[in-house]
2 protein chains.
Amino acid sequence: MTSGRLYGDAAHDHDHRFRCVSLVPLFAALSEKDRHRIAESSVTRRYERGEHVFRAGERLDLHIVHRGRVKVYRLLESGSEQLIRILGAGEFLGETAVLSETEVDHFAVALDDAEVCSIDRRRILAVLTERPSVAVTMLQTVSQRLSAAEQMVSSLTGRSVEQRLAEHLLQLAYDADSLRFRLPSSKKDLASYLGTTAETLSRRLSALQKSGAIRLGPGRFVEICDEQVLRSGADAD
Amino acid sequence: MTSGRLYGDAAHDHDHRFRCVSLVPLFAALSEKDRHRIAESSVTRRYERGEHVFRAGERLDLHIVHRGRVKVYRLLESGSEQLIRILGAGEFLGETAVLSETEVDHFAVALDDAEVCSIDRRRILAVLTERPSVAVTMLQTVSQRLSAAEQMVSSLTGRSVEQRLAEHLLQLAYDADSLRFRLPSSKKDLASYLGTTAETLSRRLSALQKSGAIRLGPGRFVEICDEQVLRSGADAD
DNA sequence: CGCAACGTTGATTTGCATCAACCGTTGTGG
DNA sequence: CCACAACGGTTGATGCAAATCAACGTTGCG
């Protein structure tokens, strides 16, 4: 079922995996020995852009992104996809399946050529119970994700697409620490993330540009011209 | 800031708190000594129906419901409220604030006369790092909540109010293990939980009744007459 | 009893999805 | 190397689900 290609040489492979494991924030506080133990029961695979890391219905181990970005999404009955989040290097996914022993109900696909390592479910459960720092770190991450998801729920019921969009643009600017930045994903994916369609997103972006709040350049470039206007649109009224 | 009334007699108070702590699933695996330690740094308060356990903007400890139900909600800019979840005895809230040391952005109010105990943030963090079973249990709960929240996000963008309602009714029937049951909350709250308005909910319920899928009785009673019809409405089409 | 919150129904408006056509870019196979 | 398919993106026209506004009935509580 799982796609991707295994590494070649076994010895070099373990070194590589060990180095990867060592870079994962989740395992930052662990001893070298612990990290070796984790690396042993991990499998690292490469995925080409567009290749699926996993699909709904599979039973999964914990996955950690080492290189590239991985898009996690859900398939709606209508056939369209709902983007849940995009993960970068060092971030994990599949924790729900590991923790509750259920099948996953979402998909993960590589946005770039990527490298993802999966850690055996039992091993990670053992680590969680033996190394509280790992459990607490994971708990912090998951609870932040929960918080974000609940924000999103409120946003979807209480705010317009334009408000959500404006808020998201401000967030992107904050992350980039600049008023000029590139959208990190296609507009299609952004629309899906904001819970709307590509058409509506396009219209809302144009509207923001006409109002003078932002300027759209080629290649997904965005410049926030009037932060006040944008923010007043994002806030309540 | 915090409302509610403290217990009287200190000795009896500790016994009471200890008994309460012992009943909490989260602490099930702990030793008696550990539970005493937790009970010591806890404060149990009673809340009348309608009284707030906490409000947005406060810095919080971990709260555990001992008796009654507590409604957690968010206030939208429009002034209306978005119900996040309803907690019963043994369930906890406020974990995000504890874990990320942030202020809470939501409210909690007692739905019945309730008893809620709050455990000092530092103490619970200490327990989490010293007793992995607690961290793993909490992790399971939080990740289930995350999963539910992400389901909700998909639901809000991809399904109609009637579909969400039908699915929820089936879930309630499943929980009650009967095709006849009472709505656990006011229709106002149910509407808020489903991300819609009281008016729309009322109309959708009537529509389901007209279609013969359900029957509405007095006092929030609901009977599922035709599960097939209801389920076909809830599923894709 | 009387007030307040809950609940229902009707009329109206609207934001957004949907359907459809079209353009520019990318990439691919003949 | 060109043709053409495939995809991302934009714009326009149309339909509809659900919010909103408003009025009224109902329940429950001090």
# chains A, B, ... in the order shown; residues from 1 in each chain; ligands from 1
>>> residues_around(residues="region 1-17 of chain C", least_positions_apart="4", cutoff="12 Å", atoms="only C-alpha atoms (C1' of nucleotides)", output="PyMOL selection string")
(chain A and resi 78+159-162+195-201+203-204) or (chain B and resi 157-158+185-189+191+197-206+218-220) or (chain D and resi 14-30)
>>> write_last_selection(atoms="C-alpha atoms (C1' of nucleotides)", output="PDB file, in the first residue's frame")
ATOM      1  CA  SER A  78     -18.550  16.183  -2.705  1.00  0.00           C
ATOM      2  CA  ARG A 159     -16.828  35.271   9.904  1.00  0.00           C
ATOM      3  CA  SER A 160     -16.909  35.899   6.185  1.00  0.00           C
ATOM      4  CA  VAL A 161     -14.406  34.489   3.721  1.00  0.00           C
ATOM      5  CA  GLU A 162     -12.895  37.947   3.382  1.00  0.00           C
ATOM      6  CA  GLY A 195     -12.931  26.569   3.739  1.00  0.00           C
ATOM      7  CA  THR A 196     -13.973  28.172   0.495  1.00  0.00           C
ATOM      8  CA  THR A 197     -13.535  27.667  -3.252  1.00  0.00           C
ATOM      9  CA  ALA A 198     -10.823  28.861  -5.615  1.00  0.00           C
ATOM     10  CA  GLU A 199     -13.329  31.124  -7.377  1.00  0.00           C
ATOM     11  CA  THR A 200     -14.441  32.899  -4.237  1.00  0.00           C
ATOM     12  CA  LEU A 201     -10.867  33.276  -3.020  1.00  0.00           C
ATOM     13  CA  ARG A 203     -12.754  37.320  -6.036  1.00  0.00           C
ATOM     14  CA  ARG A 204     -11.959  38.206  -2.443  1.00  0.00           C
TER      15      ARG A 204
ATOM     16  CA  THR B 157     -17.584  23.446   4.804  1.00  0.00           C
ATOM     17  CA  GLY B 158     -18.809  20.307   3.111  1.00  0.00           C
ATOM     18  CA  SER B 185     -28.956  20.571  25.834  1.00  0.00           C
ATOM     19  CA  SER B 186     -31.288  23.346  24.801  1.00  0.00           C
ATOM     20  CA  LYS B 187     -32.017  23.669  21.099  1.00  0.00           C
ATOM     21  CA  LYS B 188     -30.320  27.014  21.240  1.00  0.00           C
ATOM     22  CA  ASP B 189     -27.112  25.336  22.369  1.00  0.00           C
ATOM     23  CA  ALA B 191     -27.863  25.057  17.097  1.00  0.00           C
ATOM     24  CA  THR B 197     -28.937  29.419  14.269  1.00  0.00           C
ATOM     25  CA  ALA B 198     -31.904  28.439  16.420  1.00  0.00           C
ATOM     26  CA  GLU B 199     -34.283  29.356  13.594  1.00  0.00           C
ATOM     27  CA  THR B 200     -32.607  27.142  11.030  1.00  0.00           C
ATOM     28  CA  LEU B 201     -32.335  24.262  13.478  1.00  0.00           C
ATOM     29  CA  SER B 202     -36.040  24.511  14.230  1.00  0.00           C
ATOM     30  CA  ARG B 203     -36.847  24.410  10.522  1.00  0.00           C
ATOM     31  CA  ARG B 204     -34.528  21.470   9.851  1.00  0.00           C
ATOM     32  CA  LEU B 205     -36.002  19.502  12.736  1.00  0.00           C
ATOM     33  CA  SER B 206     -39.503  20.127  11.417  1.00  0.00           C
ATOM     34  CA  PRO B 218     -42.408  17.595  24.374  1.00  0.00           C
ATOM     35  CA  GLY B 219     -39.500  18.349  26.635  1.00  0.00           C
ATOM     36  CA  ARG B 220     -36.745  17.860  24.066  1.00  0.00           C
TER      37      ARG B 220
ATOM     38  C1'  DT D  14     -27.162  31.999 -11.815  1.00  0.00           C
ATOM     39  C1'  DG D  15     -29.251  29.467  -7.895  1.00  0.00           C
ATOM     40  C1'  DC D  16     -29.762  28.350  -3.331  1.00  0.00           C
ATOM     41  C1'  DA D  17     -29.010  27.377   1.618  1.00  0.00           C
ATOM     42  C1'  DA D  18     -28.963  29.678   5.449  1.00  0.00           C
ATOM     43  C1'  DA D  19     -28.609  34.160   8.036  1.00  0.00           C
ATOM     44  C1'  DT D  20     -31.281  37.923   9.392  1.00  0.00           C
ATOM     45  C1'  DC D  21     -35.278  40.521  10.845  1.00  0.00           C
ATOM     46  C1'  DA D  22     -39.663  40.306  12.800  1.00  0.00           C
ATOM     47  C1'  DA D  23     -43.666  38.640  15.177  1.00  0.00           C
ATOM     48  C1'  DC D  24     -45.707  35.559  18.085  1.00  0.00           C
ATOM     49  C1'  DG D  25     -46.428  31.274  21.039  1.00  0.00           C
ATOM     50  C1'  DT D  26     -44.549  28.550  25.064  1.00  0.00           C
ATOM     51  C1'  DT D  27     -42.172  27.224  28.966  1.00  0.00           C
ATOM     52  C1'  DG D  28     -40.278  27.836  33.263  1.00  0.00           C
ATOM     53  C1'  DC D  29     -38.887  30.401  37.241  1.00  0.00           C
ATOM     54  C1'  DG D  30     -38.742  34.157  41.042  1.00  0.00           C
TER      55       DG D  30
END
>>> interface_residues(of="chain B", to="chain A", cutoff="6 Å", atoms="only C-alpha atoms", output="list in words")
Glu77, Thr96, Leu99, Thr129, Pro132, Leu139, Gln140, Ser143, Leu146, Ala149, Val153, Thr157, Gly195 and Ala236 of chain B
>>> write_last_selection(atoms="all heavy atoms", output="compact mmCIF listing (two decimals), in the first residue's frame")
# COMPACT_ATOMS: atom_id res chain seq x y z
N GLU B 77 -17.57 37.59 17.30
CA GLU B 77 -17.61 39.06 17.23
C GLU B 77 -19.04 39.55 17.13
O GLU B 77 -19.39 40.61 17.61
CB GLU B 77 -16.84 39.60 16.02
CG GLU B 77 -15.37 39.30 16.03
CD GLU B 77 -15.08 38.09 15.18
OE1 GLU B 77 -16.05 37.36 14.88
OE2 GLU B 77 -13.91 37.87 14.84
N THR B 96 -5.14 23.69 27.47
CA THR B 96 -4.34 24.50 26.55
C THR B 96 -3.62 25.62 27.30
O THR B 96 -2.43 25.87 27.08
CB THR B 96 -5.22 25.11 25.45
OG1 THR B 96 -5.99 24.06 24.85
CG2 THR B 96 -4.37 25.79 24.39
N LEU B 99 -0.75 24.17 29.28
CA LEU B 99 0.38 23.65 28.51
C LEU B 99 1.15 24.73 27.78
O LEU B 99 2.36 24.64 27.62
CB LEU B 99 -0.12 22.61 27.51
CG LEU B 99 -0.58 21.30 28.15
CD1 LEU B 99 -1.41 20.49 27.17
CD2 LEU B 99 0.64 20.51 28.61
N THR B 129 5.06 15.40 33.92
CA THR B 129 6.43 15.00 33.60
C THR B 129 6.90 13.83 34.44
O THR B 129 7.80 13.10 34.04
CB THR B 129 7.40 16.18 33.77
OG1 THR B 129 7.13 16.82 35.01
CG2 THR B 129 7.25 17.18 32.65
N PRO B 132 4.11 9.47 33.37
CA PRO B 132 3.82 9.42 31.94
C PRO B 132 2.42 8.92 31.63
O PRO B 132 1.82 9.35 30.64
CB PRO B 132 4.85 8.43 31.40
CG PRO B 132 5.92 8.39 32.42
CD PRO B 132 5.28 8.67 33.73
N LEU B 139 -3.02 13.01 26.46
CA LEU B 139 -2.70 13.08 25.04
C LEU B 139 -3.77 12.39 24.20
O LEU B 139 -4.20 12.90 23.16
CB LEU B 139 -1.34 12.43 24.81
CG LEU B 139 -0.63 12.58 23.47
CD1 LEU B 139 -0.63 14.02 23.01
CD2 LEU B 139 0.79 12.04 23.58
N GLN B 140 -4.23 11.25 24.67
CA GLN B 140 -5.28 10.53 23.95
C GLN B 140 -6.55 11.37 23.87
O GLN B 140 -7.16 11.51 22.81
CB GLN B 140 -5.57 9.19 24.63
CG GLN B 140 -4.51 8.14 24.31
CD GLN B 140 -4.67 6.88 25.13
OE1 GLN B 140 -5.28 6.91 26.20
NE2 GLN B 140 -4.11 5.78 24.63
N SER B 143 -6.08 14.40 21.62
CA SER B 143 -6.00 14.08 20.20
C SER B 143 -7.36 13.62 19.66
O SER B 143 -7.68 13.86 18.50
CB SER B 143 -4.90 13.06 19.92
OG SER B 143 -5.39 11.76 19.87
N LEU B 146 -9.10 16.83 19.03
CA LEU B 146 -8.58 17.42 17.80
C LEU B 146 -9.22 16.77 16.60
O LEU B 146 -9.66 17.44 15.66
CB LEU B 146 -7.05 17.25 17.74
CG LEU B 146 -6.38 17.69 16.43
CD1 LEU B 146 -6.66 19.15 16.15
CD2 LEU B 146 -4.88 17.44 16.49
N ALA B 149 -12.66 18.00 16.24
CA ALA B 149 -12.69 19.39 15.77
C ALA B 149 -12.42 19.45 14.28
O ALA B 149 -13.06 20.21 13.54
CB ALA B 149 -11.68 20.24 16.53
N VAL B 153 -14.73 20.88 11.22
CA VAL B 153 -14.31 21.83 10.19
C VAL B 153 -14.75 21.33 8.82
O VAL B 153 -15.35 22.07 8.03
CB VAL B 153 -12.79 22.05 10.23
CG1 VAL B 153 -12.32 22.82 9.00
CG2 VAL B 153 -12.39 22.79 11.49
N THR B 157 -17.79 22.99 6.17
CA THR B 157 -17.58 23.45 4.80
C THR B 157 -18.26 22.53 3.79
O THR B 157 -18.67 22.98 2.74
CB THR B 157 -16.09 23.54 4.45
OG1 THR B 157 -15.52 22.24 4.57
CG2 THR B 157 -15.37 24.48 5.38
N GLY B 195 -23.20 24.86 14.57
CA GLY B 195 -22.73 25.97 13.75
C GLY B 195 -23.84 26.61 12.94
O GLY B 195 -23.63 27.06 11.82
N ALA B 236 -23.38 10.89 2.29
CA ALA B 236 -23.19 11.60 1.03
C ALA B 236 -24.35 11.29 0.10
O ALA B 236 -25.16 10.42 0.36
CB ALA B 236 -21.90 11.14 0.37
>>> select_by_dssp(residues="region 23-107 of chain A", states="alpha helix (DSSP H)", output="VMD selection string")
chain A and resid 23 32 to 40 95 to 100
>>> write_last_selection(atoms="N, CA, C and O atoms", output="PDB file, in the first residue's frame")
ATOM      1  N   LEU A  23      17.383  15.567  14.888  1.00  0.00           N
ATOM      2  CA  LEU A  23      16.992  16.932  14.545  1.00  0.00           C
ATOM      3  C   LEU A  23      15.525  17.218  14.868  1.00  0.00           C
ATOM      4  O   LEU A  23      15.077  18.348  14.780  1.00  0.00           O
ATOM      5  N   GLU A  32      21.256  10.104  23.546  1.00  0.00           N
ATOM      6  CA  GLU A  32      21.714   9.557  22.269  1.00  0.00           C
ATOM      7  C   GLU A  32      21.248   8.119  22.110  1.00  0.00           C
ATOM      8  O   GLU A  32      20.842   7.687  21.037  1.00  0.00           O
ATOM      9  N   LYS A  33      21.286   7.390  23.210  1.00  0.00           N
ATOM     10  CA  LYS A  33      20.878   5.988  23.180  1.00  0.00           C
ATOM     11  C   LYS A  33      19.402   5.853  22.776  1.00  0.00           C
ATOM     12  O   LYS A  33      19.041   5.024  21.942  1.00  0.00           O
ATOM     13  N   ASP A  34      18.584   6.688  23.408  1.00  0.00           N
ATOM     14  CA  ASP A  34      17.159   6.672  23.072  1.00  0.00           C
ATOM     15  C   ASP A  34      16.941   6.968  21.599  1.00  0.00           C
ATOM     16  O   ASP A  34      16.112   6.334  20.941  1.00  0.00           O
ATOM     17  N   ARG A  35      17.687   7.928  21.107  1.00  0.00           N
ATOM     18  CA  ARG A  35      17.500   8.315  19.706  1.00  0.00           C
ATOM     19  C   ARG A  35      17.912   7.191  18.772  1.00  0.00           C
ATOM     20  O   ARG A  35      17.289   6.977  17.740  1.00  0.00           O
ATOM     21  N   HIS A  36      18.978   6.469  19.155  1.00  0.00           N
ATOM     22  CA  HIS A  36      19.372   5.318  18.353  1.00  0.00           C
ATOM     23  C   HIS A  36      18.265   4.278  18.341  1.00  0.00           C
ATOM     24  O   HIS A  36      17.949   3.685  17.314  1.00  0.00           O
ATOM     25  N   ARG A  37      17.679   4.068  19.499  1.00  0.00           N
ATOM     26  CA  ARG A  37      16.617   3.076  19.619  1.00  0.00           C
ATOM     27  C   ARG A  37      15.441   3.445  18.702  1.00  0.00           C
ATOM     28  O   ARG A  37      14.861   2.590  18.030  1.00  0.00           O
ATOM     29  N   ILE A  38      15.125   4.732  18.681  1.00  0.00           N
ATOM     30  CA  ILE A  38      14.027   5.178  17.819  1.00  0.00           C
ATOM     31  C   ILE A  38      14.401   5.020  16.354  1.00  0.00           C
ATOM     32  O   ILE A  38      13.619   4.521  15.545  1.00  0.00           O
ATOM     33  N   ALA A  39      15.633   5.414  16.032  1.00  0.00           N
ATOM     34  CA  ALA A  39      16.089   5.327  14.639  1.00  0.00           C
ATOM     35  C   ALA A  39      16.014   3.886  14.147  1.00  0.00           C
ATOM     36  O   ALA A  39      15.669   3.621  12.995  1.00  0.00           O
ATOM     37  N   GLU A  40      16.308   2.950  15.036  1.00  0.00           N
ATOM     38  CA  GLU A  40      16.287   1.534  14.655  1.00  0.00           C
ATOM     39  C   GLU A  40      14.917   1.066  14.170  1.00  0.00           C
ATOM     40  O   GLU A  40      14.822   0.302  13.214  1.00  0.00           O
ATOM     41  N   GLU A  95      -0.502  11.020  14.649  1.00  0.00           N
ATOM     42  CA  GLU A  95      -0.517  10.730  16.085  1.00  0.00           C
ATOM     43  C   GLU A  95      -1.871  10.188  16.540  1.00  0.00           C
ATOM     44  O   GLU A  95      -1.915   9.338  17.441  1.00  0.00           O
ATOM     45  N   THR A  96      -2.948  10.650  15.909  1.00  0.00           N
ATOM     46  CA  THR A  96      -4.267  10.179  16.334  1.00  0.00           C
ATOM     47  C   THR A  96      -4.398   8.676  16.134  1.00  0.00           C
ATOM     48  O   THR A  96      -4.886   7.951  17.003  1.00  0.00           O
ATOM     49  N   ALA A  97      -3.957   8.210  14.964  1.00  0.00           N
ATOM     50  CA  ALA A  97      -4.042   6.783  14.662  1.00  0.00           C
ATOM     51  C   ALA A  97      -3.219   5.976  15.664  1.00  0.00           C
ATOM     52  O   ALA A  97      -3.637   4.919  16.133  1.00  0.00           O
ATOM     53  N   VAL A  98      -2.042   6.499  16.006  1.00  0.00           N
ATOM     54  CA  VAL A  98      -1.180   5.799  16.952  1.00  0.00           C
ATOM     55  C   VAL A  98      -1.825   5.735  18.331  1.00  0.00           C
ATOM     56  O   VAL A  98      -1.864   4.680  18.966  1.00  0.00           O
ATOM     57  N   LEU A  99      -2.372   6.859  18.768  1.00  0.00           N
ATOM     58  CA  LEU A  99      -2.864   6.959  20.135  1.00  0.00           C
ATOM     59  C   LEU A  99      -4.182   6.231  20.344  1.00  0.00           C
ATOM     60  O   LEU A  99      -4.432   5.680  21.405  1.00  0.00           O
ATOM     61  N   SER A 100      -5.043   6.266  19.327  1.00  0.00           N
ATOM     62  CA  SER A 100      -6.338   5.633  19.547  1.00  0.00           C
ATOM     63  C   SER A 100      -6.495   4.357  18.729  1.00  0.00           C
ATOM     64  O   SER A 100      -7.562   3.780  18.673  1.00  0.00           O
TER      65      SER A 100
END
>>> select_by_dssp(residues="region 15-219 of chain B", states="strand (DSSP E)", output="ChimeraX atom specification")
/B:42-47,52-54,62-67,70-75,81-87,92-93,107-110,114-119,180-182,214-216
>>> closest_atom_pairs(of="chain D", to="chain A", cutoff="8 Å", atoms="only C-alpha atoms (C1' of nucleotides)", output="JSON lines")
{"residue": "D:DG8", "atom": "C1'", "partner": "A:Lys188", "partner_atom": "CA", "distance": 7.7}
{"residue": "D:DG9", "atom": "C1'", "partner": "A:Ser202", "partner_atom": "CA", "distance": 7.9}
{"residue": "D:DT10", "atom": "C1'", "partner": "A:Ser202", "partner_atom": "CA", "distance": 7.0}
>>> atom_distance(atom1="CA of Tyr174 (chain B)", atom2="CA of Ile224 (chain B)")
11.1 Å
>>> residues_around(residues="region 65-71 of chain A", least_positions_apart="6", cutoff="6 Å", atoms="only C-alpha atoms (C1' of nucleotides)", output="PyMOL selection string")
chain A and resi 86-91+108-116
>>> write_last_selection(atoms="all heavy atoms", output="CSV table (one decimal), in the first residue's frame")
chain,number,residue,atom,x,y,z
A,86,ILE,N,-0.3,22.0,6.6
A,86,ILE,CA,0.9,21.7,5.9
A,86,ILE,C,2.0,21.6,6.9
A,86,ILE,O,2.2,22.5,7.7
A,86,ILE,CB,1.2,22.8,4.8
A,86,ILE,CG1,0.1,22.8,3.7
A,86,ILE,CG2,2.6,22.6,4.2
A,86,ILE,CD1,0.3,23.8,2.7
A,87,LEU,N,2.7,20.5,6.8
A,87,LEU,CA,3.8,20.2,7.8
A,87,LEU,C,5.1,20.4,7.1
A,87,LEU,O,5.3,20.0,5.9
A,87,LEU,CB,3.7,18.8,8.3
A,87,LEU,CG,2.4,18.4,9.0
A,87,LEU,CD1,2.3,16.9,9.2
A,87,LEU,CD2,2.3,19.2,10.3
A,88,GLY,N,6.0,21.0,7.8
A,88,GLY,CA,7.4,21.1,7.4
A,88,GLY,C,8.4,20.2,8.1
A,88,GLY,O,7.9,19.4,8.9
A,89,ALA,N,9.6,20.4,7.9
A,89,ALA,CA,10.7,19.6,8.5
A,89,ALA,C,10.6,19.6,10.0
A,89,ALA,O,10.4,20.7,10.6
A,89,ALA,CB,12.0,20.0,8.1
A,90,GLY,N,10.6,18.4,10.6
A,90,GLY,CA,10.6,18.3,12.1
A,90,GLY,C,9.2,18.1,12.7
A,90,GLY,O,9.1,17.8,13.9
A,91,GLU,N,8.2,18.3,11.9
A,91,GLU,CA,6.8,18.1,12.4
A,91,GLU,C,6.3,16.7,12.2
A,91,GLU,O,6.7,16.0,11.3
A,91,GLU,CB,5.9,19.1,11.7
A,91,GLU,CG,6.4,20.6,12.0
A,91,GLU,CD,5.3,21.6,11.6
A,91,GLU,OE1,5.1,21.8,10.3
A,91,GLU,OE2,4.7,22.2,12.5
A,108,ALA,N,-2.3,12.3,3.2
A,108,ALA,CA,-1.1,13.1,3.3
A,108,ALA,C,-0.4,12.9,2.0
A,108,ALA,O,-0.1,11.8,1.5
A,108,ALA,CB,-0.2,12.6,4.4
A,109,VAL,N,0.0,14.0,1.4
A,109,VAL,CA,0.7,14.0,0.1
A,109,VAL,C,1.9,15.0,0.1
A,109,VAL,O,1.8,16.0,0.8
A,109,VAL,CB,-0.3,14.4,-1.1
A,109,VAL,CG1,-0.8,15.8,-0.9
A,109,VAL,CG2,0.3,14.1,-2.4
A,110,ALA,N,3.0,14.6,-0.5
A,110,ALA,CA,4.2,15.4,-0.6
A,110,ALA,C,3.9,16.6,-1.5
A,110,ALA,O,3.5,16.5,-2.6
A,110,ALA,CB,5.4,14.6,-1.0
A,111,LEU,N,4.2,17.8,-1.0
A,111,LEU,CA,4.1,19.0,-1.8
A,111,LEU,C,5.4,19.3,-2.6
A,111,LEU,O,5.4,19.9,-3.6
A,111,LEU,CB,3.8,20.2,-0.9
A,111,LEU,CG,2.3,20.4,-0.5
A,111,LEU,CD1,2.2,21.7,0.3
A,111,LEU,CD2,1.4,20.4,-1.6
A,112,ASP,N,6.5,18.9,-2.0
A,112,ASP,CA,7.8,18.9,-2.7
A,112,ASP,C,8.3,17.5,-2.7
A,112,ASP,O,7.7,16.6,-2.2
A,112,ASP,CB,8.8,19.8,-1.9
A,112,ASP,CG,8.1,21.0,-1.4
A,112,ASP,OD1,7.6,21.8,-2.2
A,112,ASP,OD2,8.1,21.2,-0.1
A,113,ASP,N,9.5,17.3,-3.3
A,113,ASP,CA,10.2,16.1,-3.1
A,113,ASP,C,10.5,16.0,-1.6
A,113,ASP,O,11.0,17.0,-1.0
A,113,ASP,CB,11.5,16.0,-3.9
A,113,ASP,CG,11.2,15.8,-5.4
A,113,ASP,OD1,10.0,15.6,-5.7
A,113,ASP,OD2,12.1,16.0,-6.2
A,114,ALA,N,10.1,15.0,-0.9
A,114,ALA,CA,10.1,15.0,0.5
A,114,ALA,C,10.7,13.7,1.1
A,114,ALA,O,10.9,12.7,0.4
A,114,ALA,CB,8.8,15.2,1.1
A,115,GLU,N,11.1,13.8,2.3
A,115,GLU,CA,11.6,12.6,3.0
A,115,GLU,C,10.8,12.5,4.3
A,115,GLU,O,10.8,13.4,5.1
A,115,GLU,CB,13.1,12.9,3.3
A,115,GLU,CG,14.0,11.6,3.3
A,115,GLU,CD,15.4,12.0,3.4
A,115,GLU,OE1,15.9,12.5,2.4
A,115,GLU,OE2,16.0,11.9,4.4
A,116,VAL,N,10.2,11.3,4.5
A,116,VAL,CA,9.4,11.2,5.7
A,116,VAL,C,9.8,9.9,6.4
A,116,VAL,O,10.0,8.8,5.7
A,116,VAL,CB,7.9,11.1,5.3
A,116,VAL,CG1,7.0,10.8,6.6
A,116,VAL,CG2,7.5,12.4,4.6
>>> atom_distance(atom1="CA of Asp15 (chain A)", atom2="CA of Ser41 (chain A)")
12.9 Å
